[in-house]
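**Q** run-v9.tsv is reproduced in full below (TSV, C-alpha atoms and all ligand atoms).
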```
chain	number	residue	atom	x	y	z
A	1	MET	CA	-61.08	55.51	-73.56
A	2	ILE	CA	-62.42	51.99	-73.44
A	3	LEU	CA	-61.73	50.15	-76.66
A	4	ASP	CA	-63.16	46.72	-77.12
A	5	SER	CA	-61.83	44.01	-79.38
A	6	TYR	CA	-64.74	44.54	-81.73
A	7	GLY	CA	-64.05	48.26	-82.18
A	8	LYS	CA	-67.56	49.65	-82.46
A	9	SER	CA	-70.90	49.48	-80.72
A	10	PHE	CA	-72.13	46.05	-79.82
A	11	CYS	CA	-75.35	44.58	-81.04
A	12	LEU	CA	-77.14	43.97	-77.75
A	13	LEU	CA	-79.22	40.81	-77.99
A	14	CYS	CA	-79.79	40.81	-74.23
A	15	PRO	CA	-82.97	41.96	-72.44
A	16	GLY	CA	-81.42	45.27	-71.38
A	17	PRO	CA	-79.36	47.22	-71.99
A	18	VAL	CA	-80.61	47.50	-75.55
A	19	ASN	CA	-79.56	49.40	-78.65
A	20	VAL	CA	-81.49	52.66	-78.78
A	21	ARG	CA	-82.77	54.67	-81.71
A	22	PRO	CA	-80.71	57.68	-82.84
A	23	GLU	CA	-83.52	60.01	-81.71
A	24	VAL	CA	-83.22	58.63	-78.17
A	25	ALA	CA	-79.45	59.04	-78.22
A	26	ALA	CA	-79.80	62.63	-79.46
A	27	ALA	CA	-82.31	63.49	-76.74
A	28	LEU	CA	-79.68	62.89	-74.05
A	29	THR	CA	-77.83	66.09	-74.90
A	30	GLU	CA	-80.59	68.10	-76.50
A	31	TYR	CA	-81.19	70.62	-73.72
A	32	GLU	CA	-79.53	71.86	-70.60
A	33	PHE	CA	-81.71	73.22	-67.85
A	34	GLY	CA	-82.01	73.14	-64.09
A	35	HIS	CA	-84.13	70.42	-62.62
A	36	ARG	CA	-85.87	72.92	-60.34
A	37	GLU	CA	-86.96	75.01	-63.35
A	38	ASP	CA	-90.22	75.08	-65.28
A	39	GLU	CA	-88.64	73.14	-68.14
A	40	PHE	CA	-88.08	70.11	-65.97
A	41	CYS	CA	-91.56	70.34	-64.43
A	42	ALA	CA	-93.03	70.27	-67.94
A	43	LEU	CA	-90.79	67.37	-68.96
A	44	LEU	CA	-91.69	65.30	-65.90
A	45	ALA	CA	-95.40	65.92	-66.45
A	46	GLU	CA	-95.01	64.72	-70.04
A	47	VAL	CA	-93.08	61.58	-69.13
A	48	ARG	CA	-95.66	60.62	-66.50
A	49	GLU	CA	-98.54	61.17	-68.92
A	50	ASN	CA	-96.77	59.30	-71.73
A	51	ALA	CA	-96.02	56.41	-69.38
A	52	LEU	CA	-99.72	56.02	-68.56
A	53	ALA	CA	-100.53	56.15	-72.27
A	54	VAL	CA	-97.95	53.45	-73.09
A	55	ALA	CA	-99.36	51.42	-70.18
A	56	GLY	CA	-102.71	51.46	-71.96
A	57	ILE	CA	-104.49	53.04	-68.99
A	58	ARG	CA	-107.95	54.18	-70.11
A	59	ASP	CA	-109.07	55.87	-66.89
A	60	ARG	CA	-106.13	58.28	-66.65
A	61	ALA	CA	-107.54	60.09	-63.61
A	62	ALA	CA	-107.49	56.87	-61.58
A	63	TYR	CA	-103.75	56.25	-62.03
A	64	SER	CA	-100.51	58.05	-61.46
A	65	ALA	CA	-96.88	57.42	-62.38
A	66	VAL	CA	-93.64	58.40	-60.68
A	67	VAL	CA	-90.10	58.49	-62.06
A	68	ILE	CA	-87.23	57.43	-59.83
A	69	THR	CA	-83.55	57.82	-60.69
A	70	GLY	CA	-82.23	54.30	-60.25
A	71	SER	CA	-82.50	50.97	-62.06
A	72	GLY	CA	-85.61	48.78	-62.11
A	73	THR	CA	-84.78	47.44	-58.68
A	74	ALA	CA	-85.17	50.97	-57.28
A	75	GLY	CA	-88.81	50.94	-58.38
A	76	ASN	CA	-89.34	47.53	-56.80
A	77	GLU	CA	-87.67	48.58	-53.58
A	78	ALA	CA	-89.66	51.83	-53.49
A	79	VAL	CA	-92.91	49.84	-53.56
A	80	LEU	CA	-91.80	47.14	-51.15
A	81	SER	CA	-90.43	49.60	-48.58
A	82	SER	CA	-93.33	52.06	-48.79
A	83	VAL	CA	-96.69	50.40	-49.17
A	84	VAL	CA	-96.99	47.77	-46.43
A	85	PRO	CA	-97.88	48.96	-42.92
A	86	ALA	CA	-95.38	47.62	-40.36
A	87	GLY	CA	-95.96	43.97	-39.44
A	88	GLU	CA	-98.63	43.29	-42.06
A	89	PRO	CA	-98.32	40.12	-44.15
A	90	VAL	CA	-96.99	40.03	-47.71
A	91	LEU	CA	-97.20	37.03	-50.02
A	92	CYS	CA	-94.45	36.78	-52.64
A	93	VAL	CA	-95.26	34.43	-55.49
A	94	VAL	CA	-91.93	33.07	-56.73
A	95	ASN	CA	-91.09	31.10	-59.88
A	96	GLY	CA	-87.72	32.45	-60.95
A	97	GLU	CA	-84.85	34.79	-60.21
A	98	PHE	CA	-86.68	38.11	-60.31
A	99	SER	CA	-89.77	37.11	-58.34
A	100	GLY	CA	-87.26	35.68	-55.84
A	101	ARG	CA	-85.57	39.07	-55.61
A	102	LEU	CA	-88.92	40.71	-54.84
A	103	ALA	CA	-89.24	38.31	-51.92
A	104	GLU	CA	-85.71	39.13	-50.74
A	105	ILE	CA	-86.36	42.86	-50.86
A	106	SER	CA	-89.72	42.49	-49.16
A	107	ALA	CA	-88.20	40.42	-46.36
A	108	MET	CA	-85.77	43.27	-45.65
A	109	TYR	CA	-88.60	45.70	-44.95
A	110	ASN	CA	-91.63	43.61	-44.12
A	111	THR	CA	-91.42	41.15	-41.24
A	112	GLY	CA	-94.60	39.44	-42.40
A	113	THR	CA	-93.15	38.28	-45.75
A	114	THR	CA	-94.10	34.73	-46.83
A	115	LEU	CA	-93.18	32.98	-50.07
A	116	LEU	CA	-95.36	30.89	-52.33
A	117	GLU	CA	-92.56	29.02	-54.04
A	118	HIS	CA	-92.57	27.24	-57.37
A	119	ALA	CA	-89.73	25.68	-59.31
A	120	TRP	CA	-88.11	28.01	-61.83
A	121	GLY	CA	-90.26	28.05	-64.93
A	122	GLU	CA	-93.16	26.26	-63.28
A	123	PRO	CA	-96.48	27.89	-64.21
A	124	LEU	CA	-98.09	29.60	-61.21
A	125	ASP	CA	-100.38	27.26	-59.31
A	126	LEU	CA	-103.51	29.37	-58.97
A	127	GLY	CA	-105.20	26.73	-56.80
A	128	ARG	CA	-102.37	26.91	-54.26
A	129	LEU	CA	-102.43	30.68	-54.42
A	130	GLU	CA	-106.16	30.81	-53.77
A	131	LYS	CA	-105.78	28.45	-50.82
A	132	ARG	CA	-103.13	30.73	-49.26
A	133	LEU	CA	-105.23	33.84	-49.86
A	134	ALA	CA	-108.25	32.17	-48.27
A	135	GLU	CA	-106.22	31.20	-45.18
A	136	GLN	CA	-104.87	34.65	-44.36
A	137	ARG	CA	-105.54	38.23	-45.41
A	138	PHE	CA	-102.43	39.68	-47.03
A	139	SER	CA	-101.67	43.37	-47.35
A	140	LEU	CA	-99.83	42.80	-50.64
A	141	VAL	CA	-99.14	40.04	-53.16
A	142	THR	CA	-96.06	40.33	-55.38
A	143	MET	CA	-95.27	38.66	-58.70
A	144	THR	CA	-93.39	39.22	-61.94
A	145	HIS	CA	-95.27	39.67	-65.19
A	146	HIS	CA	-92.37	38.38	-67.24
A	147	GLU	CA	-89.92	36.16	-65.36
A	148	THR	CA	-86.92	37.26	-67.40
A	149	SER	CA	-84.84	34.38	-66.02
A	150	THR	CA	-87.03	31.77	-67.76
A	151	GLY	CA	-88.67	33.80	-70.55
A	152	MET	CA	-92.14	32.95	-69.31
A	153	LEU	CA	-95.17	35.14	-68.70
A	154	ASN	CA	-97.23	34.87	-65.54
A	155	PRO	CA	-101.04	35.28	-65.60
A	156	VAL	CA	-101.55	38.75	-64.15
A	157	VAL	CA	-105.28	39.00	-64.84
A	158	GLU	CA	-106.01	35.67	-63.12
A	159	VAL	CA	-103.88	36.53	-60.09
A	160	GLY	CA	-105.46	39.98	-59.99
A	161	ALA	CA	-108.95	38.47	-59.89
A	162	LEU	CA	-107.95	36.30	-56.92
A	163	CYS	CA	-106.38	39.27	-55.13
A	164	LYS	CA	-109.56	41.24	-55.63
A	165	ARG	CA	-111.72	38.37	-54.34
A	166	TYR	CA	-109.61	38.05	-51.19
A	167	GLY	CA	-109.17	41.77	-50.60
A	168	THR	CA	-105.44	42.16	-51.15
A	169	ARG	CA	-103.39	44.53	-53.26
A	170	LEU	CA	-101.24	43.28	-56.14
A	171	PHE	CA	-97.78	44.50	-57.08
A	172	VAL	CA	-96.49	43.41	-60.48
A	173	ASP	CA	-92.84	43.68	-61.52
A	174	ALA	CA	-93.08	44.37	-65.25
A	175	VAL	CA	-89.49	45.60	-65.48
A	176	SER	CA	-88.67	43.63	-68.63
A	177	SER	CA	-92.09	43.17	-70.23
A	178	PHE	CA	-93.66	46.61	-69.97
A	179	SER	CA	-94.53	47.82	-73.50
A	180	ALA	CA	-93.40	44.53	-75.10
A	181	ASP	CA	-95.98	42.04	-73.84
A	182	PRO	CA	-99.62	42.99	-73.16
A	183	LEU	CA	-100.17	43.81	-69.48
A	184	GLU	CA	-103.74	44.52	-68.51
A	185	ILE	CA	-103.27	46.79	-65.53
A	186	GLU	CA	-106.90	47.87	-65.21
A	187	ARG	CA	-108.58	44.54	-66.02
A	188	GLY	CA	-106.03	42.78	-63.81
A	189	GLU	CA	-106.91	45.06	-60.88
A	190	VAL	CA	-103.18	45.70	-60.45
A	191	THR	CA	-102.38	48.15	-57.66
A	192	PHE	CA	-98.74	48.98	-58.50
A	193	VAL	CA	-96.56	48.15	-61.50
A	194	SER	CA	-92.84	48.77	-61.88
A	195	THR	CA	-90.70	49.08	-64.98
A	196	SER	CA	-87.41	50.57	-66.08
A	197	SER	CA	-86.13	52.80	-68.85
A	198	GLY	CA	-83.53	50.45	-70.29
A	199	LYS	CA	-85.40	47.31	-71.27
A	200	ALA	CA	-88.41	47.13	-73.60
A	201	LEU	CA	-88.96	50.88	-73.39
A	202	ALA	CA	-85.69	51.00	-75.34
A	203	SER	CA	-84.06	53.97	-73.71
A	204	TYR	CA	-80.92	54.04	-71.56
A	205	PRO	CA	-80.88	52.28	-68.19
A	206	GLY	CA	-81.04	54.35	-65.02
A	207	LEU	CA	-84.67	55.28	-64.43
A	208	ALA	CA	-87.45	53.32	-62.78
A	209	LEU	CA	-91.15	53.99	-63.28
A	210	VAL	CA	-93.84	53.04	-60.81
A	211	ILE	CA	-97.43	53.23	-62.01
A	212	GLY	CA	-100.23	52.78	-59.52
A	213	ARG	CA	-103.77	53.56	-58.58
A	214	ARG	CA	-104.06	57.13	-57.44
A	215	ALA	CA	-106.20	56.19	-54.44
A	216	GLU	CA	-103.48	53.77	-53.28
A	217	PHE	CA	-100.74	56.38	-53.71
A	218	GLU	CA	-102.86	58.72	-51.58
A	219	LYS	CA	-103.25	56.14	-48.81
A	220	LEU	CA	-99.47	55.91	-48.47
A	221	SER	CA	-99.57	59.05	-46.31
A	222	GLN	CA	-100.68	56.70	-43.52
A	223	VAL	CA	-97.76	54.29	-43.96
A	224	SER	CA	-94.31	55.26	-42.78
A	225	GLY	CA	-91.78	54.59	-45.52
A	226	ARG	CA	-88.76	52.60	-44.42
A	227	ASN	CA	-86.31	53.83	-47.05
A	228	TYR	CA	-85.45	57.52	-47.29
A	229	TYR	CA	-84.37	57.77	-50.94
A	230	LEU	CA	-87.05	55.41	-52.20
A	231	ASP	CA	-90.04	56.76	-50.30
A	232	LEU	CA	-92.82	56.19	-52.84
A	233	HIS	CA	-95.23	58.58	-51.17
A	234	ARG	CA	-92.68	61.38	-51.35
A	235	TYR	CA	-92.15	60.74	-55.07
A	236	TYR	CA	-95.90	60.89	-55.51
A	237	THR	CA	-96.48	64.10	-53.53
A	238	PHE	CA	-93.56	65.86	-55.22
A	239	ALA	CA	-94.78	64.78	-58.66
A	240	GLU	CA	-98.42	65.67	-58.06
A	241	GLY	CA	-97.83	68.84	-56.10
A	242	ARG	CA	-95.09	70.59	-58.04
A	243	SER	CA	-94.12	68.26	-60.88
A	244	GLN	CA	-90.77	67.59	-59.26
A	245	THR	CA	-88.75	64.75	-57.80
A	246	PRO	CA	-87.66	64.75	-54.14
A	247	THR	CA	-83.93	64.63	-55.02
A	248	THR	CA	-81.84	65.45	-58.09
A	249	PRO	CA	-83.13	63.49	-61.09
A	250	ALA	CA	-80.91	62.25	-63.96
A	251	VAL	CA	-82.28	64.90	-66.35
A	252	PRO	CA	-80.59	63.58	-69.54
A	253	LEU	CA	-82.08	60.15	-68.88
A	254	VAL	CA	-85.52	61.66	-68.39
A	255	LEU	CA	-85.16	63.44	-71.74
A	256	ALA	CA	-84.14	60.20	-73.44
A	257	LEU	CA	-86.95	58.23	-71.79
A	258	ASN	CA	-89.51	60.79	-72.87
A	259	ARG	CA	-88.31	60.54	-76.47
A	260	ALA	CA	-88.47	56.74	-76.31
A	261	LEU	CA	-92.05	56.93	-74.98
A	262	GLU	CA	-93.00	59.40	-77.73
A	263	LEU	CA	-91.56	57.06	-80.36
A	264	ILE	CA	-93.59	54.14	-78.95
A	265	LEU	CA	-96.79	56.22	-79.00
A	266	ALA	CA	-96.05	57.42	-82.55
A	267	GLU	CA	-95.57	53.84	-83.77
A	268	GLY	CA	-98.63	52.68	-81.81
A	269	VAL	CA	-98.32	50.61	-78.63
A	270	ASP	CA	-100.13	47.59	-80.10
A	271	GLU	CA	-98.36	47.83	-83.45
A	272	ARG	CA	-95.00	47.91	-81.71
A	273	MET	CA	-95.90	44.93	-79.52
A	274	ALA	CA	-96.88	43.03	-82.65
A	275	ARG	CA	-93.53	43.93	-84.24
A	276	ILE	CA	-91.59	42.77	-81.16
A	277	ARG	CA	-93.61	39.55	-81.07
A	278	ALA	CA	-92.97	38.91	-84.78
A	279	SER	CA	-89.27	39.46	-84.23
A	280	ALA	CA	-89.21	36.90	-81.36
A	281	GLN	CA	-91.10	34.48	-83.60
A	282	GLN	CA	-88.54	34.92	-86.36
A	283	VAL	CA	-85.78	34.12	-83.88
A	284	ARG	CA	-87.69	31.00	-82.76
A	285	ALA	CA	-88.29	29.91	-86.36
A	286	ARG	CA	-84.56	30.17	-87.09
A	287	LEU	CA	-83.75	28.15	-83.97
A	288	ARG	CA	-86.19	25.42	-85.04
A	289	GLN	CA	-84.71	25.33	-88.56
A	290	ARG	CA	-81.44	24.42	-86.90
A	291	GLY	CA	-82.87	21.87	-84.54
A	292	LEU	CA	-81.97	24.04	-81.54
A	293	LYS	CA	-84.28	23.58	-78.56
A	294	LEU	CA	-86.07	26.17	-76.49
A	295	LEU	CA	-85.95	25.82	-72.71
A	296	ASP	CA	-89.65	24.97	-72.68
A	297	GLU	CA	-91.72	24.50	-75.82
A	298	THR	CA	-95.06	24.43	-74.00
A	299	ALA	CA	-94.75	27.50	-71.76
A	300	VAL	CA	-96.45	30.86	-72.30
A	301	LEU	CA	-93.42	32.63	-73.71
A	302	SER	CA	-92.80	36.35	-73.63
A	303	SER	CA	-91.78	38.39	-76.66
A	304	VAL	CA	-88.83	39.71	-74.68
A	305	VAL	CA	-86.42	36.79	-74.49
A	306	THR	CA	-86.03	33.35	-75.97
A	307	CYS	CA	-84.21	30.86	-73.75
A	308	VAL	CA	-82.27	28.33	-75.81
A	309	ARG	CA	-80.77	25.11	-74.49
A	310	ILE	CA	-77.01	25.08	-74.97
A	311	PRO	CA	-76.32	22.35	-77.52
A	312	ALA	CA	-74.00	19.48	-76.68
A	313	GLY	CA	-70.35	20.11	-77.46
A	314	THR	CA	-70.20	23.75	-76.43
A	315	THR	CA	-70.48	25.91	-73.33
A	316	PHE	CA	-72.09	29.24	-72.60
A	317	GLU	CA	-68.69	30.85	-72.17
A	318	ALA	CA	-67.51	29.62	-75.58
A	319	LEU	CA	-70.70	30.92	-77.20
A	320	ARG	CA	-70.51	34.24	-75.40
A	321	ARG	CA	-66.88	34.83	-76.40
A	322	GLY	CA	-67.36	33.72	-79.99
A	323	LEU	CA	-70.40	35.94	-80.47
A	324	ARG	CA	-68.77	38.87	-78.69
A	325	ALA	CA	-65.79	38.72	-81.03
A	326	GLN	CA	-68.26	39.35	-83.86
A	327	GLY	CA	-70.03	42.15	-82.02
A	328	PHE	CA	-72.99	40.34	-80.46
A	329	VAL	CA	-73.82	40.38	-76.76
A	330	ILE	CA	-75.93	37.60	-75.25
A	331	TYR	CA	-76.71	36.63	-71.68
A	332	GLY	CA	-76.71	33.19	-70.14
A	333	GLY	CA	-78.93	31.55	-67.56
A	334	LYS	CA	-79.00	32.38	-63.87
A	335	GLY	CA	-79.25	30.08	-60.85
A	336	PRO	CA	-80.35	26.56	-61.82
A	337	LEU	CA	-80.22	27.54	-65.50
A	338	SER	CA	-76.61	28.72	-65.55
A	339	ASP	CA	-74.63	26.89	-68.22
A	340	ARG	CA	-77.85	25.28	-69.44
A	341	ILE	CA	-79.31	28.07	-71.59
A	342	PHE	CA	-78.47	31.25	-73.43
A	343	GLN	CA	-80.94	34.02	-74.11
A	344	ILE	CA	-81.71	35.97	-77.28
A	345	SER	CA	-83.64	39.21	-77.00
A	346	THR	CA	-84.70	41.51	-79.81
A	347	ILE	CA	-86.54	44.22	-77.86
A	348	GLY	CA	-84.03	46.90	-78.85
A	349	GLU	CA	-83.23	48.35	-82.25
A	350	VAL	CA	-82.48	45.08	-84.01
A	351	ASP	CA	-83.49	44.46	-87.62
A	352	ILE	CA	-83.94	41.15	-89.37
A	353	GLU	CA	-80.61	41.46	-91.23
A	354	THR	CA	-78.87	41.67	-87.86
A	355	VAL	CA	-80.72	38.58	-86.68
A	356	ASP	CA	-79.56	36.78	-89.82
A	357	ARG	CA	-75.95	37.86	-89.24
A	358	PHE	CA	-76.24	36.62	-85.67
A	359	PHE	CA	-77.38	33.20	-86.85
A	360	ALA	CA	-74.58	33.03	-89.42
A	361	VAL	CA	-72.05	33.63	-86.63
A	362	LEU	CA	-73.82	31.08	-84.42
A	363	ASP	CA	-73.78	28.51	-87.24
A	364	ASP	CA	-70.03	29.04	-87.61
A	365	LEU	CA	-69.49	28.59	-83.90
A	366	ILE	CA	-71.52	25.46	-83.29
A	367	GLY	CA	-71.71	23.87	-86.73
A	368	THR	CA	-75.45	24.25	-87.24
A	369	SER	CA	-77.09	25.17	-90.52
A	370	PRO	CA	-80.47	26.62	-91.41
A	371	ARG	CA	-81.77	23.27	-92.62
A	372	PRO	CA	-82.07	20.49	-90.08
A	373	THR	CA	-79.85	17.49	-90.65
A	374	ARG	CA	-81.50	14.20	-91.59
A	375	ARG	CA	-81.03	13.00	-88.02
A	376	GLN	CA	-82.76	16.08	-86.60
A	377	ARG	CA	-85.54	15.66	-89.14
A	378	SER	CA	-86.20	12.07	-88.24
A	379	ALA	CA	-85.98	12.95	-84.55
A	380	THR	CA	-88.80	15.46	-84.90
A	381	VAL	CA	-91.27	13.24	-86.79
B	401	LIG	C1	-84.01	43.33	-65.10
B	401	LIG	C2	-85.08	43.00	-64.16
B	401	LIG	C3	-85.11	43.54	-62.85
B	401	LIG	C4	-83.99	44.35	-62.29
B	401	LIG	O1	-83.79	45.51	-62.97
B	401	LIG	P1	-82.48	46.40	-62.77
B	401	LIG	O2	-82.74	47.47	-63.75
B	401	LIG	O3	-81.31	45.54	-63.09
B	401	LIG	O4	-82.48	46.87	-61.38
B	401	LIG	C5	-86.20	43.26	-62.06
B	401	LIG	N1	-87.19	42.46	-62.48
B	401	LIG	C6	-87.20	41.92	-63.72
B	401	LIG	C7	-88.34	41.05	-64.13
B	401	LIG	C8	-86.14	42.16	-64.59
B	401	LIG	O5	-86.14	41.62	-65.82
```
What is this file in structure tokens?
Ligand SMILES: *Cc1c(COP(=O)(O)O)cnc(C)c1O

**A**
Amino acid sequence: MILDSYGKSFCLLCPGPVNVRPEVAAALTEYEFGHREDEFCALLAEVRENALAVAGIRDRAAYSAVVITGSGTAGNEAVLSSVVPAGEPVLCVVNGEFSGRLAEISAMYNTGTTLLEHAWGEPLDLGRLEKRLAEQRFSLVTMTHHETSTGMLNPVVEVGALCKRYGTRLFVDAVSSFSADPLEIERGEVTFVSTSSGKALASYPGLALVIGRRAEFEKLSQVSGRNYYLDLHRYYTFAEGRSQTPTTPAVPLVLALNRALELILAEGVDERMARIRASAQQVRARLRQRGLKLLDETAVLSSVVTCVRIPAGTTFEALRRGLRAQGFVIYGGKGPLSDRIFQISTIGEVDIETVDRFFAVLDDLIGTSPRPTRRQRSATV
């Protein structure tokens, strides 16, 4: 048995894994059945339908969803290894860790991969993007909706309009933002979207979802997939034809994901997004009360994470350990942001009392208090 120093479950203030609702936990062990039986077929059909509903898809007949056993990266790799005909060009728009990973994965399968690079946290330069699209016809453009590494949202609808104008398909990694921040799949003319079970959907990690236009899934019969396990067309034909997955699915995780999707639909997708947004705003208000600085005050911030500059006199490791000893888990920055920021995420089951306890522990650790000092006050006027 693994016993931690804290002695009970951690409060996960990271953008996945997240604390799940008791109903989701219970669903894991609710039933036992074979995955080649009618019960699983019915369950998979429900999950796929519920996923489209949570995605806010109005024209349900025009879209389809597949469930892949694997983390969010499995969904991304399924798309990037399955949808681009050999040798055709792919443009990966990069402005952080996760859009960079899309480019890395694409380069492994698609020889024609090119990057449109930005600094981490730099807003996408739509002028530069349009220029590239006008120069060359790309088979696929990739981007993240929420760059989890910087906490910023990218403009999917604007990029989608450009992709449409220049006749290319758009793949959006919405692994962390799906169901937390509005993503206009139809209006944005998005071809494929990926997400995972263990972030804002607030179930356990281990399943990826890929949602896409049905017509584009159909066309994949003409493209030879370059990854056996992650062949997107096979997932689609198995799901559509017999409501099955090509290989053994993680049935308990599918049960838990379906319960999480049902809970989101019962609360209301928009209502829940508003709740998650309000919770992020409460976190940001408490940070401001203490004079703590966000990574970027002017950026279009997601509701999923808040990136906070590490104040002078402490380190990420000291913060992480101190918070962990009191039961709180936070993540730090990656790449150029390592040791410069820490992240707070409240997409899981976190109530306002827990947020207040977190800030009390933080205050103890770094000597802040909920009212700014006179010096901080004069610095902000
Ligand atoms: C977390 C994350 C991923 C990777 O997901 P895994 O589940 O760890 O494979 C990909 N993209 C984004 C934007 C993420 O936040």

**Q** Please return as a PyMOL selection string the residues found within 7 Å of ligand LIG 401 (chain B), counting only C-alpha atoms and all ligand atoms.

**A** chain A and resi 71-74+98+144+146-148+173-176+196+205

**Q** Might you pull out every residue within 7 Å of segment 285-291 of chain A, with all atoms listed in the file counted and same-chain residues fewer than 3 positions away left off, and present them as a list in words?

**A**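 Listed by chain and then number, they are Gln281, Gln282, Thr368, Ser369, Pro370, Arg371, Pro372 and Gln376 of chain A.
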
**Q** Determine the nearest neighbour of Ser82 of chain A from the options A:Ala256, A:Val156, A:Ala42, A:Ile105, counting only C-alpha atoms.

**A**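 Checking each candidate against Ser82 of chain A, we get A:Ile105 as the closest.
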
**Q** For atom CA of Met152 of chain A and atom CA of Asp181 of chain A, quote the distance in Å rounded to one decimal.

**A**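 Distance between the two atoms: 10.9 Å.
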
**Q** Near segment 85-94 of chain A, within 6 Å and counting only C-alpha atoms, which residues show up once chain neighbours fewer than 3 positions away are dropped, as a PDB file with C-alpha atoms, keeping the file's coordinate frame?

**A**
```
ATOM      1  CA  SER A  99     -89.770  37.110 -58.340  1.00  0.00           C
ATOM      2  CA  GLY A 100     -87.260  35.680 -55.840  1.00  0.00           C
ATOM      3  CA  ALA A 103     -89.240  38.310 -51.920  1.00  0.00           C
ATOM      4  CA  THR A 111     -91.420  41.150 -41.240  1.00  0.00           C
ATOM      5  CA  GLY A 112     -94.600  39.440 -42.400  1.00  0.00           C
ATOM      6  CA  THR A 113     -93.150  38.280 -45.750  1.00  0.00           C
ATOM      7  CA  THR A 114     -94.100  34.730 -46.830  1.00  0.00           C
ATOM      8  CA  LEU A 115     -93.180  32.980 -50.070  1.00  0.00           C
ATOM      9  CA  LEU A 116     -95.360  30.890 -52.330  1.00  0.00           C
ATOM     10  CA  GLU A 117     -92.560  29.020 -54.040  1.00  0.00           C
ATOM     11  CA  HIS A 118     -92.570  27.240 -57.370  1.00  0.00           C
ATOM     12  CA  PHE A 138    -102.430  39.680 -47.030  1.00  0.00           C
ATOM     13  CA  SER A 139    -101.670  43.370 -47.350  1.00  0.00           C
ATOM     14  CA  LEU A 140     -99.830  42.800 -50.640  1.00  0.00           C
ATOM     15  CA  VAL A 141     -99.140  40.040 -53.160  1.00  0.00           C
ATOM     16  CA  THR A 142     -96.060  40.330 -55.380  1.00  0.00           C
ATOM     17  CA  MET A 143     -95.270  38.660 -58.700  1.00  0.00           C
ATOM     18  CA  VAL A 223     -97.760  54.290 -43.960  1.00  0.00           C
TER      19      VAL A 223
END
```

**Q** Quick one: which segment 166-250 of chain A residues come within 9 Å of segment 12-16 of chain A, and what is the nearest atom pair for each with the distance in Å to one decimal, counting only C-alpha atoms, rows ordered by chain and ascending number, as a Markdown table?

**A**
```
| residue | atom | partner | partner_atom | distance |
| --- | --- | --- | --- | --- |
| A:Ser176 | CA | A:Pro15 | CA | 7.1 |
| A:Gly198 | CA | A:Gly16 | CA | 5.7 |
| A:Lys199 | CA | A:Gly16 | CA | 4.5 |
| A:Ala200 | CA | A:Gly16 | CA | 7.6 |
| A:Ala202 | CA | A:Gly16 | CA | 8.2 |
| A:Tyr204 | CA | A:Gly16 | CA | 8.8 |
| A:Pro205 | CA | A:Gly16 | CA | 7.7 |
```

**Q** Give me a file of those residues, with C-alpha atoms, as a compact mmCIF listing (two decimals), in the frame of the given file.

**A**
```txt
# COMPACT_ATOMS: atom_id res chain seq x y z
CA SER A 176 -88.67 43.63 -68.63
CA GLY A 198 -83.53 50.45 -70.29
CA LYS A 199 -85.40 47.31 -71.27
CA ALA A 200 -88.41 47.13 -73.60
CA ALA A 202 -85.69 51.00 -75.34
CA TYR A 204 -80.92 54.04 -71.56
CA PRO A 205 -80.88 52.28 -68.19
```

**Q** Pick the closest to Phe358 of chain A from A:Leu52, A:Ala62, A:Val283, A:Ala25: which is it, counting all atoms listed in the file?

**A**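 Closest candidate: A:Val283.
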
**Q** Tell me which residues come within 6 Å of (-88.5, 58.5, -62.4), as a PyMOL selection string, counting only C-alpha atoms in the file's coordinates.

**A** chain A and resi 66-69+207-209

**Q** How close does each residue of segment 23-111 of chain A get to segment 250-254 of chain A, giving the shortest atom pair and distance in Å to one decimal for every residue with an atom at most 9 Å away, counting only C-alpha atoms, sorted by chain and residue number, as a Markdown table?

**A**
```
| residue | atom | partner | partner_atom | distance |
| --- | --- | --- | --- | --- |
| A:Ala27 | CA | A:Pro252 | CA | 7.4 |
| A:Leu28 | CA | A:Pro252 | CA | 4.7 |
| A:Thr29 | CA | A:Pro252 | CA | 6.5 |
| A:Glu30 | CA | A:Pro252 | CA | 8.3 |
| A:Tyr31 | CA | A:Pro252 | CA | 8.2 |
| A:Glu32 | CA | A:Pro252 | CA | 8.4 |
| A:Phe33 | CA | A:Val251 | CA | 8.5 |
| A:Gly34 | CA | A:Val251 | CA | 8.5 |
| A:His35 | CA | A:Val251 | CA | 6.9 |
| A:Phe40 | CA | A:Val251 | CA | 7.8 |
| A:Leu43 | CA | A:Val254 | CA | 7.8 |
| A:Leu44 | CA | A:Val254 | CA | 7.6 |
| A:Val47 | CA | A:Val254 | CA | 7.6 |
| A:Val67 | CA | A:Val254 | CA | 8.4 |
| A:Ile68 | CA | A:Ala250 | CA | 9.0 |
| A:Thr69 | CA | A:Ala250 | CA | 6.1 |
| A:Gly70 | CA | A:Ala250 | CA | 8.9 |
```

**Q** Contacts of Phe171 of chain A at 6 Å or less, counting all atoms listed in the file, minus same-chain residues fewer than 4 places along, as a list in words?

**A**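 With the cut-off at 6 Å, the set is Thr142, Thr191, Phe192 and Val193 of chain A.
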
**Q** Just to be explicit: take each residue in the selection above, keep C-alpha atoms, and write the result as a CSV table (one decimal), keeping the file's coordinate frame.

**A**
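Saved as part-v5.csv:
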```
chain,number,residue,atom,x,y,z
A,142,THR,CA,-96.1,40.3,-55.4
A,191,THR,CA,-102.4,48.2,-57.7
A,192,PHE,CA,-98.7,49.0,-58.5
A,193,VAL,CA,-96.6,48.2,-61.5
```

**Q** Quick one: distance from atom CA of Val210 of chain A to atom CA of Lys334 of chain A in Å, one decimal?

**A**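 Interatomic distance here is 25.6 Å.
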
**Q** List the spatial neighbours of segment 63-65 of chain A as a PyMOL selection string - criterion: any atom at most 12 Å away, all atoms listed in the file, same-chain residues fewer than 2 positions off excluded.

**A** chain A and resi 44-61+67-68+75+185-186+189-195+208-218+232-233+235-240+243+245
